[in-house]
Number of protein chains: 2
Amino acid sequence: MKERAEVELAAWARGLERSSLQEMLTATARPGIISFALGLPAPEFFPAADFSEAAARVLSEDARALQYSPPFEPLKRHVVELMKRRGVVCRAEQIFLTAGAQQGMSLLARLLLDEGRSIITEELIYTGFQQVVKPFRPRILTVPTDSETGMDVEAVSEILRRGERPAFIYCITDGHNPLSVRLHPSKRARLVELSEHYGVPIIEDDAYGFLCYEETEPPLRALGESTVLYAGSFSKILAPALRVGWVIVPEEMLLPLSVVKESSDIDTATFTQRLVTAYLDTGRLESHVENLRREYRLRRDTMLRALEEHFPEEARWRKPESGVFCWVELADEFDAFELFRKAIEHERVAFIPGQAFGVREGLSHAPSMRLNFSHSAPGLIEEGIPRLARVLKGSRPR
Amino acid sequence: MKERAEVELAAWARGLERSSLQEMLTATARPGIISFALGLPAPEFFPAADFSEAAARVLSEDARALQYSPPFEPLKRHVVELMKRRGVVCRAEQIFLTAGAQQGMSLLARLLLDEGRSIITEELIYTGFQQVVKPFRPRILTVPTDSETGMDVEAVSEILRRGERPAFIYCITDGHNPLSVRLHPSKRARLVELSEHYGVPIIEDDAYGFLCYEETEPPLRALGESTVLYAGSFSKILAPALRVGWVIVPEEMLLPLSVVKESSDIDTATFTQRLVTAYLDTGRLESHVENLRREYRLRRDTMLRALEEHFPEEARWRKPESGVFCWVELADEFDAFELFRKAIEHERVAFIPGQAFGVREGLSHAPSMRLNFSHSAPGLIEEGIPRLARVLKGSRPR
């Protein structure tokens with residue numbers, strides 16, 4: 001009998017498995033679970049009716065809305081205006097439209113990263129970025145993160161001074177995922193200075209930067225335009241399923257970005273680029289984002305109050321100034337993965353154990369939890385945090 | 001004075017330039033040009049009003065339409081039904097949703113192709129696929145194409161028999177771009193047999209397969225499901241700007257595909273996946289595609305008649321059974337790039353010189369033109385072809 005032929009994958013792809021994180025996420029999707037696990041926006045605030053109007057307008061006005069056509073210039077002009085509110089001055093010629101920040105960072109990594117080259121990141125970062133670099137098998141040089149002031153920029157300086165020339169530095173300046181810290185203003189200036197001095201670019205991940213609840217600082221891109229490659233997105237301030245984002249880069253990078261995007265999925269104006277533009281034309285984004293900030297701030301404060309009231313005294317967290325996560329460090333006696341399993345099984349509440357964000361094995365950190373506060377209504381947060389606290393109490397060794 | 005730091009690109013990306021093809025396309029976009037250059041659908045047939053309705057329905061029914069959520073299962077079930085009309089039996093578990101066929105092939109190449117490994121293609125193929133493989137610097141082993149029966153499958157057999165084990169064979173079975181030929185039925189069976197015997201997968205590019213104007217054969221995927229990796233798209237039968245396509249693969253490839261897509265742009269149900277589903281739910285696709293076939297057949301026949309009437313006697317073409325291109329070979333005395341320039345300047349009509357599709361330097365082919373017949377209304381075709389013929393006559397050496 002003839003054996004069934006099997007397709008052989010490229011070497012780097014042979015070990016691919018669903019990550020433990022993804023396994024966990026499957027568990028959290030069960031009905032009845034209160035989930036603080038994912039960084040989801042609250043669907044009740046999606047401007048669905050506005051989009052419905054926008055779609056009707058776009059589809060009746062111009063048949064090119066559905067045709068191959070160049071990346072949509074009017075959206076670039078909107079992004080220029082939007083960035084001003086973050087304190088960034090840029091030109092439409094520096095903006096490259098993408099299918100979300102993830103695609104932006106993926107295209108940048110492909111343009112910058114030769115296989116086996118080094119990169120600098122913090123020890124705990126967004127797992128999606130780890131996936132981006134994985135096929136290039138980079139040497140990942142890590143620096144610690146201070147829980148009050150963010151990335152250890154002097155450690156970055158040390159690495160560069162000893163002669164390392166990484167392909168780039170990855171930095172989540174505001175609304176850090178998962179650490180919910182923001183980079184201190186003095187460190188911002190220093191990091192950009194280092195980047196320019198050594199000619200090492202920075203990939204600045206600003207997916208959550210517009211969701212700020214206190215006074216804000218401009219991102220790194222405001223301090224340096226020749227080496228800071230900025231990735232932004234409408235996913236968190238409008239809606240993820242539209243898949244519209246952008247990067248801001250030196251003008252000469254637009255051509256190679258376009259070539260790389262063309263090979264990925266054709267560099268064309270998408271229907272959703274026009275949809276977002278039609279929505280932005282109405283001028284409603286500013287009040288929409290104001291509303292999101294108000295609602296998410298309320299949820300954040302609800303979570304902080306509940307943590308204060310119910311969590312053990314030795315647990316540590318700080319008030320997130322931006323983003324959608326609260327980072328809680330626990331006493332050493334706990335095992336966060338074990339807590340996760342118990343929380344799902346006994347209390348039907350979910351979070352992500354902090355270690356899931358480690359960029360490599362062997363980094364030692366306090367047991368920790370990443371808790372999302374944007375997705376659950378205040379009532380659910382008030383119900384879910386005490387449940388989590390019960391898991392902690394029940395797990396305390398006697 | 002401090003020099004402005006410049007971002008250094010990865011080695012493979014340093015030479016990236018806009019291709020001569022892209023330069024030409026810029027020229028063809030000038031107003032007043034009759035363009036037979038690109039493979040664009042005719043925008044007048046886009047079902048824009050139906051999409052407007054579908055958008056309103058999707059946005060009012062379910063807030064998850066705008067949220068991160070798993071790839072959209074109802075669309076996979078529609079694709080299963082759709083594929084039956086191409087003679088392909090498959091299951092939803094074998095379908096992976098993509099942002100168009102280009103993304104499908106790009107993800108497949110990343111999963112299959114180790115840097116520097118070989119692949120088999122014809123000598124003249126879709127330039128977008130050449131872009132897909134370029135970063136991997138593959139050794140491209142080419143086989144000729146017969147103008148009546150398609151890819152030289154015995155040449156494929158010869159390569160495999162001498163011990164080469166390429167990462168895959170790339171095949172455009174129907175509506176060949178640019179050669180407008182279809183693979184002969186007996187060659188289909190033989191190619192799948194070779195693929196299974198040697199365990200070398202086939203990437204089957206079926207972007208144009210549903211646009212057939214005569215009797216059709218099922219694609220390769222109907223003949224073998226373990227090694228044929230099929231890429232399909234709604235771009236040509238519905239609308240390109242939606243960016244919705246699919247691949248059909250052995251079930252065990254869905255997980256690695258999902259991991260690779262996640263790192264590219266997050267593997268999530270997009271708003272446009274739901275939009276296409278809502279349109280398909282109305283049952284209107286079948287008559288829509290029937291209408292497209294009728295209209296494009298009319299345009300094809302208009303072009304063939306005009307070629308017959310106006311083109312020099314030695315020019316050679318055949319009637320395309322599918323796809324959106326007509327391939328015209330000219331007498332050796334012509335230089336197709338020179339013709340292109342004259343056609344744009346003197347007659348304001350555009351096409352793509354055939355050599356632009358060559359996978360490597362030094363392949364010798366008759367001077368040729370790829371002419372698109374789907375985008376221009378019959379009246380424009382009747383006006384444009386005589387103009388092109390005038391350029392040929394004016395370019396004839398005395």
# chains A, B, ... in the order shown; residues from 1 in each chain; ligands from 1

call {"tool": "residues_around", "arguments": {"residues": "Leu25 of chain B", "least_positions_apart": "5", "cutoff": "9 Å", "atoms": "only C-alpha atoms", "output": "NGL selection string"}}
result
:B and (20 or 37-38 or 350 or 352)

call {"tool": "write_last_selection", "arguments": {"atoms": "C-alpha atoms", "output": "CSV table (one decimal), in the first residue's frame"}}
result
chain,number,residue,atom,x,y,z
B,20,SER,CA,10.8,47.9,-14.0
B,37,ALA,CA,-1.5,46.3,-18.5
B,38,LEU,CA,-2.9,45.1,-15.1
B,350,ALA,CA,-0.5,50.2,-22.4
B,352,ILE,CA,3.1,44.6,-20.2

call {"tool": "closest_atom_pairs", "arguments": {"of": "chain A", "to": "chain B", "cutoff": "7 Å", "atoms": "only C-alpha atoms", "output": "CSV"}}
result
residue,atom,partner,partner_atom,distance
A:Arg4,CA,B:Ser226,CA,6.9
A:Ala5,CA,B:Gly199,CA,5.4
A:Glu6,CA,B:Ser226,CA,6.6
A:Val7,CA,B:Pro201,CA,6.2
A:Glu8,CA,B:Leu112,CA,6.9
A:Leu9,CA,B:Leu112,CA,4.6
A:Ala10,CA,B:Leu112,CA,4.6
A:Ala11,CA,B:Asp114,CA,6.5
A:Ala13,CA,B:Leu111,CA,6.1
A:Leu16,CA,B:Pro256,CA,6.0
A:Pro43,CA,B:Ala63,CA,5.9
A:Ala48,CA,B:Leu59,CA,5.7
A:Ser52,CA,B:Ala56,CA,5.2
A:Ala55,CA,B:Ser52,CA,6.2
A:Ala56,CA,B:Ser52,CA,5.2
A:Leu59,CA,B:Ala48,CA,5.7
A:Ala63,CA,B:Pro43,CA,5.9
A:Ala65,CA,B:Ala241,CA,6.9
A:Leu66,CA,B:Ala241,CA,4.6
A:Gln67,CA,B:Ala241,CA,5.3
A:Tyr68,CA,B:Pro240,CA,5.8
A:Ala99,CA,B:Asp265,CA,6.4
A:Gly100,CA,B:Asp265,CA,6.6
A:Gln102,CA,B:Asp265,CA,5.2
A:Gln103,CA,B:Asp265,CA,4.5
A:Ser106,CA,B:Ser264,CA,5.6
A:Leu111,CA,B:Ala10,CA,5.6
A:Leu112,CA,B:Ala10,CA,4.6
A:Leu113,CA,B:Ala10,CA,5.3
A:Asp114,CA,B:Ala10,CA,5.0
A:Gly128,CA,B:Ser263,CA,6.2
A:Gln131,CA,B:Ser263,CA,5.2
A:Val132,CA,B:Ser263,CA,4.9
A:Glu196,CA,B:Ala5,CA,5.8
A:Gly199,CA,B:Ala5,CA,5.4
A:Pro201,CA,B:Val7,CA,6.2
A:Ser226,CA,B:Ala5,CA,6.2
A:Thr227,CA,B:Val7,CA,6.2
A:Ala239,CA,B:Leu66,CA,5.4
A:Pro240,CA,B:Gln67,CA,5.5
A:Ala241,CA,B:Thr270,CA,4.5
A:Leu242,CA,B:Phe271,CA,5.6
A:Pro256,CA,B:Leu16,CA,6.0
A:Ser263,CA,B:Val132,CA,4.9
A:Ser264,CA,B:Gln103,CA,5.2
A:Asp265,CA,B:Gln103,CA,4.5
A:Ile266,CA,B:Gln102,CA,6.7
A:Ala269,CA,B:Ala241,CA,6.5
A:Thr270,CA,B:Ala241,CA,4.5
A:Phe271,CA,B:Ala241,CA,5.1

call {"tool": "residues_around", "arguments": {"residues": "segment 286-303 of chain B", "least_positions_apart": "5", "cutoff": "8 Å", "atoms": "only C-alpha atoms", "output": "JSON, numbers by chain"}}
result
{"B": [45, 210, 211, 212, 213, 237, 320, 324, 326, 373, 374, 376, 377, 378, 381, 382, 385]}

call {"tool": "residues_around", "arguments": {"residues": "Ile248 of chain A", "least_positions_apart": "6", "cutoff": "6 Å", "atoms": "only C-alpha atoms", "output": "ChimeraX atom specification"}}
result
/A:94-95,229-230

call {"tool": "write_last_selection", "arguments": {"atoms": "all heavy atoms", "output": "compact mmCIF listing (two decimals), in the first residue's frame"}}
result
# COMPACT_ATOMS: atom_id res chain seq x y z
N GLN A 94 6.04 59.93 5.20
CA GLN A 94 6.73 59.05 6.14
C GLN A 94 5.80 57.97 6.69
O GLN A 94 6.20 57.18 7.54
CB GLN A 94 7.29 59.88 7.31
CG GLN A 94 8.30 60.94 6.85
CD GLN A 94 8.63 61.93 7.94
OE1 GLN A 94 7.77 62.34 8.72
NE2 GLN A 94 9.90 62.32 8.02
N ILE A 95 4.56 57.96 6.20
CA ILE A 95 3.58 57.02 6.74
C ILE A 95 3.32 55.88 5.78
O ILE A 95 3.07 56.09 4.59
CB ILE A 95 2.27 57.76 7.06
CG1 ILE A 95 2.54 58.66 8.27
CG2 ILE A 95 1.14 56.79 7.36
CD1 ILE A 95 1.45 59.63 8.54
N LEU A 229 11.42 53.99 14.46
CA LEU A 229 10.43 53.42 13.54
C LEU A 229 9.20 53.12 14.37
O LEU A 229 9.21 52.21 15.20
CB LEU A 229 11.00 52.17 12.87
CG LEU A 229 12.46 52.30 12.40
CD1 LEU A 229 12.99 50.97 11.89
CD2 LEU A 229 12.60 53.40 11.34
N TYR A 230 8.16 53.88 14.16
CA TYR A 230 6.99 53.89 15.05
C TYR A 230 5.87 53.03 14.47
O TYR A 230 5.53 53.17 13.29
CB TYR A 230 6.54 55.34 15.19
CG TYR A 230 5.24 55.55 15.94
CD1 TYR A 230 5.25 55.98 17.26
CD2 TYR A 230 4.01 55.36 15.31
CE1 TYR A 230 4.05 56.19 17.95
CE2 TYR A 230 2.81 55.56 15.99
CZ TYR A 230 2.84 55.97 17.31
OH TYR A 230 1.67 56.18 17.98

call {"tool": "closest_residue", "arguments": {"among": "A:Ile344, A:Cys90, A:Ala27, A:Ile119", "to": "Val359 of chain A", "atoms": "only C-alpha atoms"}}
result
A:Ile119

call {"tool": "residues_around", "arguments": {"residues": "Ala389 of chain B", "least_positions_apart": "6", "cutoff": "10 Å", "atoms": "only C-alpha atoms", "output": "list in words"}}
result
Ala306, Leu307, Glu309, His310, Phe311, Pro312, Ala343, Glu347 and Ser395 of chain B

call {"tool": "write_last_selection", "arguments": {"atoms": "C-alpha atoms", "output": "mmCIF file, in the first residue's frame"}}
result
data_model
loop_
_atom_site.group_PDB
_atom_site.id
_atom_site.type_symbol
_atom_site.label_atom_id
_atom_site.label_comp_id
_atom_site.auth_asym_id
_atom_site.auth_seq_id
_atom_site.Cartn_x
_atom_site.Cartn_y
_atom_site.Cartn_z
ATOM 1 C CA ALA B 306 -9.622 43.145 -33.018
ATOM 2 C CA LEU B 307 -6.276 41.326 -32.927
ATOM 3 C CA GLU B 309 -8.321 42.378 -37.831
ATOM 4 C CA HIS B 310 -5.462 44.731 -36.942
ATOM 5 C CA PHE B 311 -2.357 42.858 -35.796
ATOM 6 C CA PRO B 312 0.396 41.782 -38.240
ATOM 7 C CA ALA B 343 2.661 52.759 -27.198
ATOM 8 C CA GLU B 347 -0.761 56.077 -28.858
ATOM 9 C CA SER B 395 8.118 50.038 -35.370
#

call {"tool": "select_by_dssp", "arguments": {"residues": "segment 321-356 of chain A", "states": "helix (DSSP H, G or I)", "output": "list in words"}}
result
Ala336, Phe337, Glu338, Leu339, Phe340, Arg341, Lys342, Ala343, Ile344, Glu345, His346, Glu347, Gly354, Gln355 and Ala356 of chain A

call {"tool": "select_by_dssp", "arguments": {"residues": "segment 123-178 of chain A", "states": "strand (DSSP E or B)", "output": "PyMOL selection string"}}
result
chain A and resi 124+139-143+145-146+150-151+169-171

call {"tool": "write_last_selection", "arguments": {"atoms": "N, CA and C atoms", "output": "CSV table (one decimal), in the first residue's frame"}}
result
chain,number,residue,atom,x,y,z
A,124,LEU,N,10.6,40.9,29.6
A,124,LEU,CA,9.2,40.5,29.4
A,124,LEU,C,8.5,41.4,28.4
A,139,ARG,N,19.8,36.5,18.2
A,139,ARG,CA,20.3,36.5,19.5
A,139,ARG,C,19.6,37.6,20.2
A,140,ILE,N,18.8,37.3,21.3
A,140,ILE,CA,18.1,38.3,22.0
A,140,ILE,C,18.9,38.7,23.2
A,141,LEU,N,19.3,40.0,23.2
A,141,LEU,CA,20.0,40.6,24.3
A,141,LEU,C,19.0,41.3,25.2
A,142,THR,N,18.9,40.9,26.4
A,142,THR,CA,17.8,41.5,27.2
A,142,THR,C,18.3,42.5,28.2
A,143,VAL,N,17.4,43.5,28.5
A,143,VAL,CA,17.7,44.4,29.6
A,143,VAL,C,16.5,44.4,30.6
A,145,THR,N,13.6,45.7,33.4
A,145,THR,CA,12.6,46.8,33.4
A,145,THR,C,12.4,47.3,34.8
A,146,ASP,N,12.5,48.5,35.0
A,146,ASP,CA,12.2,49.1,36.4
A,146,ASP,C,10.7,49.3,36.4
A,150,GLY,N,10.4,52.0,33.8
A,150,GLY,CA,10.5,51.3,32.5
A,150,GLY,C,11.9,50.8,32.2
A,151,MET,N,12.0,50.5,30.9
A,151,MET,CA,13.2,49.9,30.4
A,151,MET,C,14.5,50.4,31.0
A,169,ILE,N,16.4,48.0,18.5
A,169,ILE,CA,16.0,47.9,19.9
A,169,ILE,C,14.4,47.9,19.9
A,170,TYR,N,13.8,47.0,20.6
A,170,TYR,CA,12.4,47.0,20.6
A,170,TYR,C,11.9,47.7,21.9
A,171,CYS,N,11.0,48.6,21.8
A,171,CYS,CA,10.6,49.4,22.9
A,171,CYS,C,9.1,49.7,22.9

call {"tool": "atom_distance", "arguments": {"atom1": "atom CA of Ala189 of chain A", "atom2": "atom CA of Gly224 of chain A"}}
result
8.8 Å

call {"tool": "closest_residue", "arguments": {"among": "B:Trp246, B:Phe340, B:Phe351, B:Phe72", "to": "Leu97 of chain B", "atoms": "only C-alpha atoms"}}
result
B:Trp246

call {"tool": "closest_residue", "arguments": {"among": "B:Gly116, B:Pro144, B:Gly87, B:Pro353", "to": "Ala222 of chain B", "atoms": "only C-alpha atoms"}}
result
B:Gly87

call {"tool": "atom_distance", "arguments": {"atom1": "atom CA of Leu160 of chain B", "atom2": "atom CA of Ser186 of chain B"}}
result
18.7 Å
